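Student: Structure incoming, see below.
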Amino acid sequence: NAGVTQTPKFQVLKTGQSMTLQCAQDMNHNSMYWYRQDPGMGLRLIYYSASEGTTDKGEVPNGYNVSRLNKREFSLRLESAAPSQTSVYFCASSKGALSYEQYFGPGTRLTVT
Amino acid sequence: AQKITQTQPGMFVQEKEAVTLDCTYDTSDQSYGLFWYKQPSSGEMIFLIYQGSYDEQNATEGRYSLNFQKARKSANLVISASQLGDSAMYFCAMREGRGYQKVTFGIGTKLQVIP
């Protein structure tokens, strides 16, 4: 079991460039999430997918889009990167109900210059 | 109002001593879940412990226990017999809302264990 995998691990973009962060889980979890982590801010939820075929906005969705490609995969797209999107991005998954914890990927460190 | 408040930016504890990390939360939901995660310097997020709003007993997982005081809306993490490997950032989080998909994290507390 690989758990939650994310690619790439590091990325540097220029302002205005686009890219997609990939996330996959092999635990048959229903729910998947994208967070960003900034110094002094904790983790903030960007988007989530409660189940295959559904996506919803979290706390900070502006500038991002997501796709729940299938049960395993949940991608995050930056259409036109901005320096304010410099952050560490974490993907997570969970079985979905109240009591279930989230399992996190290793993170992607993104720098936008 | 902040959903999750962690007021201790940094804490020090002597090895083998116990330490309490504070967390208060704000929700109008009757049913919600509270979690603690650990983030070592290597960056991964590790689940430690869960407490449901209807659970009458405080949750425990090995050396971790959650001191849940519902009326005060607090969910403090207690680490007993601290070890050097406990040095890390600790985040309190809450699940609430429709389908319990709304997850909010606190800003974290940095714990350093002193030998």
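To be explicit about the labels: the chains of the structure tokens are called A, B, and onward in the order shown, and within each one the residues are counted from 1, while ligands get numbers from 1 in the order they are shown.
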Identify, on the basis of only C-alpha atoms, every residue whose closest approach to region 33-37 of chain B does not exceed 9 Å; exclude the query and any residue fewer than 5 positions from it along the same chain; express the result as a list of chain:residue names.
Tutor: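 Answer for this query is A:Leu98, A:Ser99, A:Tyr100, A:Glu101, B:Tyr25, B:Met45, B:Ile46, B:Phe47, B:Leu48, B:Ile49, B:Tyr50, B:Gln51, B:Gly52, B:Ser53, B:Tyr54, B:Leu66, B:Ala75, B:Leu77, B:Met89, B:Tyr90, B:Phe91, B:Cys92, B:Ala93, B:Met94, B:Arg95, B:Glu96, B:Tyr100.
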Student: Which residues are near Pro39 (chain A)? Cut-off 12 Å, only C-alpha atoms, ignore same chain within fewer than 5 positions. Put them as a list in words.
Tutor: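 Residues meeting the cut-off are Arg44, Thr86, Ser87 and Val88 of chain A; Pro9, Met89, Ile107 and Gly108 of chain B.
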Student: Since we have the selection now, will you write its residues out, keeping N, CA, C and O atoms, as an mmCIF file, in the first residue's frame?
Tutor:
```cif
data_model
loop_
_atom_site.group_PDB
_atom_site.id
_atom_site.type_symbol
_atom_site.label_atom_id
_atom_site.label_comp_id
_atom_site.auth_asym_id
_atom_site.auth_seq_id
_atom_site.Cartn_x
_atom_site.Cartn_y
_atom_site.Cartn_z
ATOM 1 N N ARG A 44 -5.137 25.043 5.171
ATOM 2 C CA ARG A 44 -6.421 25.597 4.753
ATOM 3 C C ARG A 44 -6.955 24.759 3.594
ATOM 4 O O ARG A 44 -6.232 24.465 2.645
ATOM 5 N N THR A 86 2.385 30.505 -3.889
ATOM 6 C CA THR A 86 3.568 29.842 -3.346
ATOM 7 C C THR A 86 3.200 29.241 -2.005
ATOM 8 O O THR A 86 2.750 29.949 -1.098
ATOM 9 N N SER A 87 3.355 27.926 -1.883
ATOM 10 C CA SER A 87 2.887 27.238 -0.685
ATOM 11 C C SER A 87 3.313 25.777 -0.748
ATOM 12 O O SER A 87 3.895 25.320 -1.733
ATOM 13 N N VAL A 88 3.012 25.064 0.303
ATOM 14 C CA VAL A 88 3.117 23.604 0.287
ATOM 15 C C VAL A 88 1.700 23.055 0.173
ATOM 16 O O VAL A 88 0.817 23.430 0.956
ATOM 17 N N PRO B 9 2.099 29.209 20.493
ATOM 18 C CA PRO B 9 2.910 29.045 19.281
ATOM 19 C C PRO B 9 4.035 28.041 19.502
ATOM 20 O O PRO B 9 4.387 27.299 18.598
ATOM 21 N N MET B 89 5.489 19.924 15.119
ATOM 22 C CA MET B 89 4.304 20.796 15.136
ATOM 23 C C MET B 89 3.091 19.916 15.392
ATOM 24 O O MET B 89 2.992 18.804 14.849
ATOM 25 N N ILE B 107 -3.617 26.760 13.758
ATOM 26 C CA ILE B 107 -2.325 27.186 13.208
ATOM 27 C C ILE B 107 -1.156 26.400 13.780
ATOM 28 O O ILE B 107 -0.031 26.544 13.312
ATOM 29 N N GLY B 108 -1.434 25.573 14.764
ATOM 30 C CA GLY B 108 -0.403 24.669 15.253
ATOM 31 C C GLY B 108 0.360 25.175 16.461
ATOM 32 O O GLY B 108 0.408 26.381 16.740
#
```
Student: Tell me as number ranges by chain which residues belonging to chain A come within 10 Å of chain B, counting only C-alpha atoms.
Tutor: A: 31-33, 37-45, 47-50, 56-59, 88, 90, 92, 94, 96-107
Student: I want to know what sits within 6 Å of Val113 (chain B), based on only C-alpha atoms, with residues of the same chain fewer than 2 positions away left out; could you give that as an MDAnalysis selection string?
Tutor: chainID B and resid 12:15 84 87
Student: Could you pull the residues within 10 Å of Leu110 (chain A), counting only C-alpha atoms, minus those fewer than 3 positions along the same chain, as a VMD selection string?
Tutor: chain A and resid 8 to 13 21 83 85 to 89 107 113
Student: Could you dump the residues just selected with N, CA and C atoms as a PDB file, in the first residue's frame?
Tutor:
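result-v3.pdb was written with the following content:
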```pdb
ATOM      1  N   PRO A   8       4.145  16.635  -8.591  1.00  0.00           N
ATOM      2  CA  PRO A   8       5.550  16.426  -8.248  1.00  0.00           C
ATOM      3  C   PRO A   8       5.816  16.731  -6.773  1.00  0.00           C
ATOM      4  N   LYS A   9       7.020  16.530  -6.323  1.00  0.00           N
ATOM      5  CA  LYS A   9       7.388  16.890  -4.953  1.00  0.00           C
ATOM      6  C   LYS A   9       7.770  18.369  -4.863  1.00  0.00           C
ATOM      7  N   PHE A  10       8.387  18.876  -5.894  1.00  0.00           N
ATOM      8  CA  PHE A  10       8.800  20.279  -5.950  1.00  0.00           C
ATOM      9  C   PHE A  10       8.458  20.826  -7.326  1.00  0.00           C
ATOM     10  N   GLN A  11       8.142  22.115  -7.377  1.00  0.00           N
ATOM     11  CA  GLN A  11       7.861  22.750  -8.655  1.00  0.00           C
ATOM     12  C   GLN A  11       8.108  24.242  -8.531  1.00  0.00           C
ATOM     13  N   VAL A  12       8.746  24.795  -9.560  1.00  0.00           N
ATOM     14  CA  VAL A  12       8.906  26.245  -9.638  1.00  0.00           C
ATOM     15  C   VAL A  12       8.197  26.705 -10.906  1.00  0.00           C
ATOM     16  N   LEU A  13       7.329  27.680 -10.763  1.00  0.00           N
ATOM     17  CA  LEU A  13       6.586  28.224 -11.898  1.00  0.00           C
ATOM     18  C   LEU A  13       6.846  29.717 -12.016  1.00  0.00           C
ATOM     19  N   LEU A  21      -1.351  19.548 -10.176  1.00  0.00           N
ATOM     20  CA  LEU A  21      -0.805  18.685  -9.131  1.00  0.00           C
ATOM     21  C   LEU A  21      -1.635  17.404  -9.100  1.00  0.00           C
ATOM     22  N   PRO A  83       2.250  34.627  -7.447  1.00  0.00           N
ATOM     23  CA  PRO A  83       3.168  34.476  -6.305  1.00  0.00           C
ATOM     24  C   PRO A  83       2.449  34.137  -5.003  1.00  0.00           C
ATOM     25  N   GLN A  85       0.306  32.061  -4.580  1.00  0.00           N
ATOM     26  CA  GLN A  85       0.051  30.619  -4.537  1.00  0.00           C
ATOM     27  C   GLN A  85       1.305  29.819  -4.177  1.00  0.00           C
ATOM     28  N   THR A  86       2.385  30.505  -3.889  1.00  0.00           N
ATOM     29  CA  THR A  86       3.568  29.842  -3.346  1.00  0.00           C
ATOM     30  C   THR A  86       3.200  29.241  -2.005  1.00  0.00           C
ATOM     31  N   SER A  87       3.355  27.926  -1.883  1.00  0.00           N
ATOM     32  CA  SER A  87       2.887  27.238  -0.685  1.00  0.00           C
ATOM     33  C   SER A  87       3.313  25.777  -0.748  1.00  0.00           C
ATOM     34  N   VAL A  88       3.012  25.064   0.303  1.00  0.00           N
ATOM     35  CA  VAL A  88       3.117  23.604   0.287  1.00  0.00           C
ATOM     36  C   VAL A  88       1.700  23.055   0.173  1.00  0.00           C
ATOM     37  N   TYR A  89       1.493  22.188  -0.803  1.00  0.00           N
ATOM     38  CA  TYR A  89       0.169  21.648  -1.072  1.00  0.00           C
ATOM     39  C   TYR A  89       0.118  20.190  -0.623  1.00  0.00           C
ATOM     40  N   GLY A 107       3.158  15.923   0.243  1.00  0.00           N
ATOM     41  CA  GLY A 107       3.173  17.356  -0.046  1.00  0.00           C
ATOM     42  C   GLY A 107       3.937  17.701  -1.310  1.00  0.00           C
ATOM     43  N   THR A 113       7.362  32.440  -9.094  1.00  0.00           N
ATOM     44  CA  THR A 113       8.233  33.629  -9.109  1.00  0.00           C
ATOM     45  C   THR A 113       7.674  34.703 -10.040  1.00  0.00           C
TER      46      THR A 113
END
```
Student: For the atom pair CA of Gln83 (chain B) and CA of Val4 (chain A), what is the interatomic distance in Å to one decimal place?
Tutor: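 Distance reported for this atom pair: 27.6 Å.
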Student: Nearest to Arg98 (chain B): which of B:Asp22, B:Glu17, B:Asp86, B:Asp29 is it, counting only C-alpha atoms?
Tutor: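 Looking only at the distances to Arg98 (chain B), the closest residue turns out to be B:Asp29.
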Student: Would you give me, as a short mmCIF file (atom, residue, chain, number, x, y, z; two decimals) with all heavy atoms, in the first residue's frame, the residues in region 29-115 of chain B that DSSP reads as strand (DSSP E)?
Tutor:
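Final output, out-v3.cif:
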```
data_model
loop_
_atom_site.label_atom_id
_atom_site.label_comp_id
_atom_site.auth_asym_id
_atom_site.auth_seq_id
_atom_site.Cartn_x
_atom_site.Cartn_y
_atom_site.Cartn_z
N GLY B 33 -16.41 16.32 14.91
CA GLY B 33 -15.28 15.50 15.34
C GLY B 33 -14.05 16.36 15.51
O GLY B 33 -13.84 17.32 14.79
N LEU B 34 -13.24 15.98 16.46
CA LEU B 34 -12.01 16.71 16.76
C LEU B 34 -10.82 15.78 16.59
O LEU B 34 -10.87 14.61 17.01
CB LEU B 34 -12.07 17.26 18.18
CG LEU B 34 -13.20 18.28 18.38
CD1 LEU B 34 -13.59 18.37 19.83
CD2 LEU B 34 -12.79 19.64 17.84
N PHE B 35 -9.77 16.28 15.98
CA PHE B 35 -8.59 15.47 15.66
C PHE B 35 -7.33 16.22 16.07
O PHE B 35 -7.30 17.45 16.06
CB PHE B 35 -8.51 15.21 14.14
CG PHE B 35 -9.69 14.49 13.57
CD1 PHE B 35 -10.88 15.16 13.30
CD2 PHE B 35 -9.61 13.14 13.27
CE1 PHE B 35 -11.97 14.50 12.76
CE2 PHE B 35 -10.70 12.47 12.73
CZ PHE B 35 -11.87 13.16 12.47
N TRP B 36 -6.30 15.45 16.34
CA TRP B 36 -4.97 16.00 16.48
C TRP B 36 -4.04 15.30 15.51
O TRP B 36 -4.10 14.07 15.35
CB TRP B 36 -4.43 15.82 17.91
CG TRP B 36 -4.92 16.86 18.86
CD1 TRP B 36 -6.05 16.80 19.64
CD2 TRP B 36 -4.29 18.11 19.16
NE1 TRP B 36 -6.16 17.94 20.39
CE2 TRP B 36 -5.10 18.75 20.13
CE3 TRP B 36 -3.14 18.73 18.72
CZ2 TRP B 36 -4.77 20.01 20.65
CZ3 TRP B 36 -2.81 19.98 19.24
CH2 TRP B 36 -3.63 20.60 20.20
N TYR B 37 -3.19 16.13 14.86
CA TYR B 37 -2.18 15.63 13.94
C TYR B 37 -0.82 16.13 14.37
O TYR B 37 -0.68 17.22 14.93
CB TYR B 37 -2.46 16.11 12.51
CG TYR B 37 -3.67 15.48 11.87
CD1 TYR B 37 -4.94 16.01 12.07
CD2 TYR B 37 -3.55 14.37 11.06
CE1 TYR B 37 -6.05 15.45 11.49
CE2 TYR B 37 -4.66 13.79 10.45
CZ TYR B 37 -5.90 14.35 10.68
OH TYR B 37 -7.01 13.79 10.09
N LYS B 38 0.19 15.34 14.02
CA LYS B 38 1.58 15.71 14.31
C LYS B 38 2.30 15.91 12.98
O LYS B 38 2.10 15.14 12.03
CB LYS B 38 2.24 14.56 15.09
CG LYS B 38 3.74 14.67 15.30
CD LYS B 38 4.24 13.40 16.00
CE LYS B 38 5.75 13.45 16.19
NZ LYS B 38 6.23 12.20 16.84
N GLN B 39 3.10 16.96 12.90
CA GLN B 39 3.90 17.19 11.70
C GLN B 39 5.36 17.35 12.10
O GLN B 39 5.79 18.42 12.56
CB GLN B 39 3.43 18.44 10.94
CG GLN B 39 4.14 18.62 9.61
CD GLN B 39 3.62 19.80 8.82
OE1 GLN B 39 3.37 20.88 9.36
NE2 GLN B 39 3.47 19.63 7.50
N ILE B 46 0.71 13.30 10.46
CA ILE B 46 0.45 12.01 11.09
C ILE B 46 -0.74 12.15 12.03
O ILE B 46 -0.72 12.98 12.94
CB ILE B 46 1.69 11.54 11.88
CG1 ILE B 46 2.90 11.44 10.96
CG2 ILE B 46 1.41 10.19 12.56
CD1 ILE B 46 4.22 11.34 11.71
N PHE B 47 -1.75 11.33 11.83
CA PHE B 47 -2.93 11.33 12.71
C PHE B 47 -2.56 10.77 14.08
O PHE B 47 -1.87 9.75 14.18
CB PHE B 47 -4.03 10.48 12.08
CG PHE B 47 -5.13 10.12 13.04
CD1 PHE B 47 -6.05 11.07 13.44
CD2 PHE B 47 -5.23 8.84 13.54
CE1 PHE B 47 -7.06 10.75 14.33
CE2 PHE B 47 -6.24 8.49 14.42
CZ PHE B 47 -7.16 9.45 14.82
N LEU B 48 -3.03 11.44 15.13
CA LEU B 48 -2.75 10.98 16.49
C LEU B 48 -3.98 10.46 17.21
O LEU B 48 -3.95 9.37 17.80
CB LEU B 48 -2.18 12.14 17.31
CG LEU B 48 -0.83 12.70 16.89
CD1 LEU B 48 -0.45 13.87 17.78
CD2 LEU B 48 0.24 11.62 16.92
N ILE B 49 -5.07 11.23 17.21
CA ILE B 49 -6.19 10.89 18.08
C ILE B 49 -7.45 11.59 17.61
O ILE B 49 -7.38 12.67 16.98
CB ILE B 49 -5.84 11.27 19.54
CG1 ILE B 49 -6.77 10.61 20.54
CG2 ILE B 49 -5.81 12.80 19.72
CD1 ILE B 49 -6.25 10.68 21.97
N TYR B 50 -8.59 10.96 17.88
CA TYR B 50 -9.90 11.48 17.48
C TYR B 50 -10.85 11.49 18.67
O TYR B 50 -10.83 10.58 19.50
CB TYR B 50 -10.48 10.59 16.38
CG TYR B 50 -11.98 10.74 16.20
CD1 TYR B 50 -12.49 11.83 15.49
CD2 TYR B 50 -12.87 9.83 16.76
CE1 TYR B 50 -13.85 11.99 15.34
CE2 TYR B 50 -14.24 9.99 16.61
CZ TYR B 50 -14.72 11.06 15.89
OH TYR B 50 -16.07 11.22 15.75
N GLN B 51 -11.72 12.52 18.71
CA GLN B 51 -12.78 12.61 19.72
C GLN B 51 -14.06 13.05 19.05
O GLN B 51 -14.08 14.07 18.37
CB GLN B 51 -12.39 13.64 20.80
CG GLN B 51 -13.42 13.87 21.87
CD GLN B 51 -13.33 12.85 22.98
OE1 GLN B 51 -12.25 12.50 23.44
NE2 GLN B 51 -14.47 12.39 23.47
N GLY B 52 -15.11 12.28 19.19
CA GLY B 52 -16.41 12.66 18.67
C GLY B 52 -17.17 13.50 19.68
O GLY B 52 -17.01 13.31 20.89
N THR B 60 -8.16 8.09 24.17
CA THR B 60 -6.76 7.83 24.49
C THR B 60 -6.17 6.93 23.40
O THR B 60 -6.86 6.06 22.86
CB THR B 60 -6.58 7.13 25.85
OG1 THR B 60 -7.29 5.88 25.80
CG2 THR B 60 -7.12 7.97 26.99
N GLU B 61 -4.91 7.17 23.08
CA GLU B 61 -4.17 6.35 22.12
C GLU B 61 -2.73 6.30 22.60
O GLU B 61 -1.95 7.21 22.39
CB GLU B 61 -4.19 6.97 20.71
CG GLU B 61 -5.50 6.94 19.97
CD GLU B 61 -5.84 5.56 19.43
OE1 GLU B 61 -4.98 4.66 19.44
OE2 GLU B 61 -7.00 5.39 19.01
N TYR B 64 -0.97 9.34 24.11
CA TYR B 64 -1.78 10.52 23.79
C TYR B 64 -3.16 10.38 24.41
O TYR B 64 -3.77 9.33 24.34
CB TYR B 64 -1.92 10.69 22.28
CG TYR B 64 -0.62 10.76 21.53
CD1 TYR B 64 -0.20 9.70 20.73
CD2 TYR B 64 0.19 11.89 21.61
CE1 TYR B 64 0.99 9.76 20.04
CE2 TYR B 64 1.38 11.96 20.91
CZ TYR B 64 1.78 10.89 20.13
OH TYR B 64 2.96 10.97 19.45
N SER B 65 -3.63 11.46 24.99
CA SER B 65 -5.02 11.50 25.43
C SER B 65 -5.58 12.87 25.09
O SER B 65 -4.84 13.85 24.95
CB SER B 65 -5.14 11.21 26.93
OG SER B 65 -4.42 12.15 27.68
N LEU B 66 -6.88 12.90 24.93
CA LEU B 66 -7.55 14.14 24.57
C LEU B 66 -8.44 14.54 25.73
O LEU B 66 -9.35 13.78 26.08
CB LEU B 66 -8.35 13.94 23.27
CG LEU B 66 -8.73 15.20 22.51
CD1 LEU B 66 -8.89 14.89 21.02
CD2 LEU B 66 -10.00 15.80 23.05
N ASN B 67 -8.18 15.68 26.29
CA ASN B 67 -8.99 16.20 27.40
C ASN B 67 -10.12 17.02 26.81
O ASN B 67 -9.95 18.19 26.47
CB ASN B 67 -8.10 17.04 28.31
CG ASN B 67 -8.85 17.52 29.54
OD1 ASN B 67 -10.05 17.23 29.71
ND2 ASN B 67 -8.19 18.24 30.41
N PHE B 68 -11.29 16.38 26.69
CA PHE B 68 -12.43 16.97 26.00
C PHE B 68 -13.36 17.60 27.03
O PHE B 68 -13.92 16.90 27.88
CB PHE B 68 -13.16 15.88 25.21
CG PHE B 68 -14.35 16.35 24.42
CD1 PHE B 68 -14.28 17.49 23.63
CD2 PHE B 68 -15.54 15.63 24.45
CE1 PHE B 68 -15.37 17.91 22.88
CE2 PHE B 68 -16.64 16.04 23.70
CZ PHE B 68 -16.55 17.17 22.92
N GLN B 69 -13.53 18.91 26.93
CA GLN B 69 -14.47 19.62 27.80
C GLN B 69 -15.47 20.33 26.90
O GLN B 69 -15.22 21.46 26.42
CB GLN B 69 -13.73 20.59 28.71
CG GLN B 69 -12.77 19.86 29.65
CD GLN B 69 -12.15 20.79 30.68
OE1 GLN B 69 -12.83 21.65 31.23
NE2 GLN B 69 -10.87 20.63 30.92
N SER B 74 -13.31 22.90 24.49
CA SER B 74 -11.87 22.71 24.43
C SER B 74 -11.54 21.24 24.21
O SER B 74 -12.29 20.34 24.64
CB SER B 74 -11.18 23.23 25.69
OG SER B 74 -11.35 22.36 26.77
N ALA B 75 -10.43 21.00 23.56
CA ALA B 75 -10.01 19.63 23.19
C ALA B 75 -8.50 19.57 23.28
O ALA B 75 -7.81 19.49 22.27
CB ALA B 75 -10.50 19.30 21.79
N ASN B 76 -8.01 19.61 24.48
CA ASN B 76 -6.56 19.68 24.68
C ASN B 76 -5.90 18.32 24.51
O ASN B 76 -6.43 17.30 24.96
CB ASN B 76 -6.23 20.24 26.06
CG ASN B 76 -6.76 21.65 26.25
OD1 ASN B 76 -7.02 22.36 25.27
ND2 ASN B 76 -6.93 22.06 27.49
N LEU B 77 -4.73 18.32 23.92
CA LEU B 77 -3.95 17.08 23.74
C LEU B 77 -2.96 16.97 24.89
O LEU B 77 -2.22 17.92 25.18
CB LEU B 77 -3.19 17.11 22.42
CG LEU B 77 -2.27 15.92 22.15
CD1 LEU B 77 -3.11 14.66 21.88
CD2 LEU B 77 -1.34 16.20 20.99
N VAL B 78 -2.96 15.82 25.53
CA VAL B 78 -2.00 15.54 26.60
C VAL B 78 -1.05 14.46 26.11
O VAL B 78 -1.50 13.39 25.68
CB VAL B 78 -2.70 15.10 27.89
CG1 VAL B 78 -1.67 14.83 28.98
CG2 VAL B 78 -3.71 16.14 28.35
N ILE B 79 0.23 14.75 26.15
CA ILE B 79 1.25 13.76 25.81
C ILE B 79 1.95 13.40 27.11
O ILE B 79 2.52 14.27 27.80
CB ILE B 79 2.27 14.31 24.80
CG1 ILE B 79 1.56 14.84 23.55
CG2 ILE B 79 3.28 13.23 24.42
CD1 ILE B 79 2.51 15.53 22.55
N ALA B 88 7.89 18.37 17.38
CA ALA B 88 7.17 18.50 16.11
C ALA B 88 6.16 19.64 16.23
O ALA B 88 5.98 20.21 17.30
CB ALA B 88 6.43 17.20 15.76
N MET B 89 5.49 19.92 15.12
CA MET B 89 4.30 20.80 15.14
C MET B 89 3.09 19.92 15.39
O MET B 89 2.99 18.80 14.85
CB MET B 89 4.13 21.51 13.80
CG MET B 89 5.08 22.65 13.56
SD MET B 89 4.74 24.07 14.62
CE MET B 89 3.21 24.67 13.91
N TYR B 90 2.16 20.44 16.17
CA TYR B 90 0.94 19.70 16.48
C TYR B 90 -0.26 20.57 16.08
O TYR B 90 -0.35 21.73 16.46
CB TYR B 90 0.87 19.36 17.97
CG TYR B 90 1.85 18.29 18.34
CD1 TYR B 90 3.19 18.59 18.57
CD2 TYR B 90 1.45 16.95 18.42
CE1 TYR B 90 4.11 17.60 18.88
CE2 TYR B 90 2.35 15.96 18.74
CZ TYR B 90 3.68 16.28 18.96
OH TYR B 90 4.59 15.29 19.26
N PHE B 91 -1.16 19.95 15.31
CA PHE B 91 -2.31 20.66 14.80
C PHE B 91 -3.59 20.04 15.34
O PHE B 91 -3.78 18.82 15.29
CB PHE B 91 -2.36 20.62 13.28
CG PHE B 91 -1.24 21.38 12.62
CD1 PHE B 91 -0.09 20.73 12.23
CD2 PHE B 91 -1.36 22.74 12.39
CE1 PHE B 91 0.94 21.44 11.62
CE2 PHE B 91 -0.35 23.46 11.78
CZ PHE B 91 0.81 22.80 11.39
N CYS B 92 -4.47 20.90 15.81
CA CYS B 92 -5.81 20.51 16.19
C CYS B 92 -6.72 20.76 14.98
O CYS B 92 -6.52 21.74 14.24
CB CYS B 92 -6.26 21.36 17.38
SG CYS B 92 -7.91 21.04 18.00
N ALA B 93 -7.69 19.90 14.74
CA ALA B 93 -8.58 20.05 13.58
C ALA B 93 -9.99 19.62 13.96
O ALA B 93 -10.19 18.83 14.89
CB ALA B 93 -8.08 19.21 12.41
N MET B 94 -10.95 20.14 13.21
CA MET B 94 -12.36 19.82 13.47
C MET B 94 -13.07 19.50 12.17
O MET B 94 -12.88 20.19 11.16
CB MET B 94 -13.05 21.01 14.15
CG MET B 94 -14.54 20.82 14.39
SD MET B 94 -15.26 22.14 15.39
CE MET B 94 -15.02 23.56 14.34
N ARG B 95 -13.88 18.45 12.20
CA ARG B 95 -14.79 18.10 11.10
C ARG B 95 -16.18 18.54 11.51
O ARG B 95 -16.62 18.26 12.62
CB ARG B 95 -14.85 16.59 10.92
CG ARG B 95 -13.94 15.98 9.91
CD ARG B 95 -14.40 14.55 9.71
NE ARG B 95 -13.49 13.74 8.95
CZ ARG B 95 -13.50 13.64 7.64
NH1 ARG B 95 -14.35 14.34 6.94
NH2 ARG B 95 -12.65 12.84 7.04
N GLU B 96 -16.89 19.18 10.60
CA GLU B 96 -18.26 19.59 10.89
C GLU B 96 -18.97 19.75 9.56
O GLU B 96 -18.41 19.51 8.49
CB GLU B 96 -18.27 20.92 11.67
CG GLU B 96 -17.56 22.05 10.94
CD GLU B 96 -17.67 23.39 11.58
OE1 GLU B 96 -18.60 23.62 12.40
OE2 GLU B 96 -16.83 24.25 11.25
N LYS B 102 -16.38 19.44 6.01
CA LYS B 102 -15.73 20.73 6.27
C LYS B 102 -14.71 20.52 7.37
O LYS B 102 -15.06 20.20 8.51
CB LYS B 102 -16.78 21.75 6.70
CG LYS B 102 -16.26 23.17 6.76
CD LYS B 102 -17.40 24.13 7.01
CE LYS B 102 -16.89 25.56 7.14
NZ LYS B 102 -17.95 26.49 7.48
N VAL B 103 -13.45 20.64 7.01
CA VAL B 103 -12.37 20.37 7.95
C VAL B 103 -11.57 21.64 8.15
O VAL B 103 -11.12 22.26 7.19
CB VAL B 103 -11.45 19.24 7.43
CG1 VAL B 103 -10.43 18.88 8.49
CG2 VAL B 103 -12.26 18.03 7.03
N THR B 104 -11.40 22.03 9.39
CA THR B 104 -10.65 23.24 9.72
C THR B 104 -9.51 22.89 10.65
O THR B 104 -9.71 22.15 11.62
CB THR B 104 -11.57 24.27 10.42
OG1 THR B 104 -12.74 24.48 9.63
CG2 THR B 104 -10.83 25.60 10.59
N PHE B 105 -8.34 23.42 10.34
CA PHE B 105 -7.15 23.20 11.16
C PHE B 105 -6.79 24.47 11.92
O PHE B 105 -7.01 25.59 11.44
CB PHE B 105 -5.96 22.82 10.29
CG PHE B 105 -5.95 21.39 9.85
CD1 PHE B 105 -6.79 20.95 8.85
CD2 PHE B 105 -5.10 20.47 10.46
CE1 PHE B 105 -6.79 19.61 8.45
CE2 PHE B 105 -5.09 19.14 10.06
CZ PHE B 105 -5.93 18.71 9.06
N THR B 109 0.95 24.23 17.16
CA THR B 109 1.85 24.50 18.29
C THR B 109 3.14 23.73 18.06
O THR B 109 3.10 22.54 17.76
CB THR B 109 1.24 24.04 19.63
OG1 THR B 109 0.08 24.82 19.92
CG2 THR B 109 2.24 24.17 20.77
N LYS B 110 4.26 24.44 18.17
CA LYS B 110 5.54 23.78 18.00
C LYS B 110 6.04 23.29 19.36
O LYS B 110 6.28 24.09 20.26
CB LYS B 110 6.57 24.72 17.38
CG LYS B 110 7.90 24.05 17.09
CD LYS B 110 8.81 24.96 16.29
CE LYS B 110 10.10 24.24 15.93
NZ LYS B 110 10.98 25.08 15.08
N LEU B 111 6.18 21.98 19.48
CA LEU B 111 6.64 21.37 20.73
C LEU B 111 8.10 20.97 20.59
O LEU B 111 8.47 20.33 19.60
CB LEU B 111 5.80 20.15 21.08
CG LEU B 111 6.24 19.38 22.32
CD1 LEU B 111 6.01 20.22 23.57
CD2 LEU B 111 5.51 18.05 22.42
N GLN B 112 8.87 21.37 21.56
CA GLN B 112 10.27 20.93 21.61
C GLN B 112 10.50 20.20 22.92
O GLN B 112 10.21 20.72 23.99
CB GLN B 112 11.21 22.12 21.47
CG GLN B 112 11.09 22.79 20.11
CD GLN B 112 12.12 23.88 19.90
OE1 GLN B 112 13.32 23.63 19.89
NE2 GLN B 112 11.67 25.10 19.75
N VAL B 113 11.03 18.98 22.79
CA VAL B 113 11.33 18.16 23.95
C VAL B 113 12.81 18.30 24.26
O VAL B 113 13.65 18.07 23.39
CB VAL B 113 10.97 16.68 23.69
CG1 VAL B 113 11.27 15.84 24.92
CG2 VAL B 113 9.50 16.57 23.31
N ILE B 114 13.09 18.67 25.50
CA ILE B 114 14.47 18.92 25.92
C ILE B 114 15.01 17.70 26.65
O ILE B 114 14.36 17.18 27.55
CB ILE B 114 14.51 20.13 26.87
CG1 ILE B 114 13.84 21.34 26.21
CG2 ILE B 114 15.93 20.47 27.27
CD1 ILE B 114 13.51 22.41 27.20
#
```
Student: Which residue out of B:Asn58, B:Thr24, B:Ser82, B:Gln30 has the minimum interatomic distance to Lys3 (chain B) when only C-alpha atoms are used?
Tutor: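 That would be B:Thr24, the residue with the smallest distance to Lys3 (chain B).
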Student: Please report the interatomic distance between CA of Gly62 (chain B) and CA of Lys95 (chain A) in Å with one decimal.
Tutor: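 For CA of Gly62 (chain B) relative to CA of Lys95 (chain A), the distance reads 23.1 Å.
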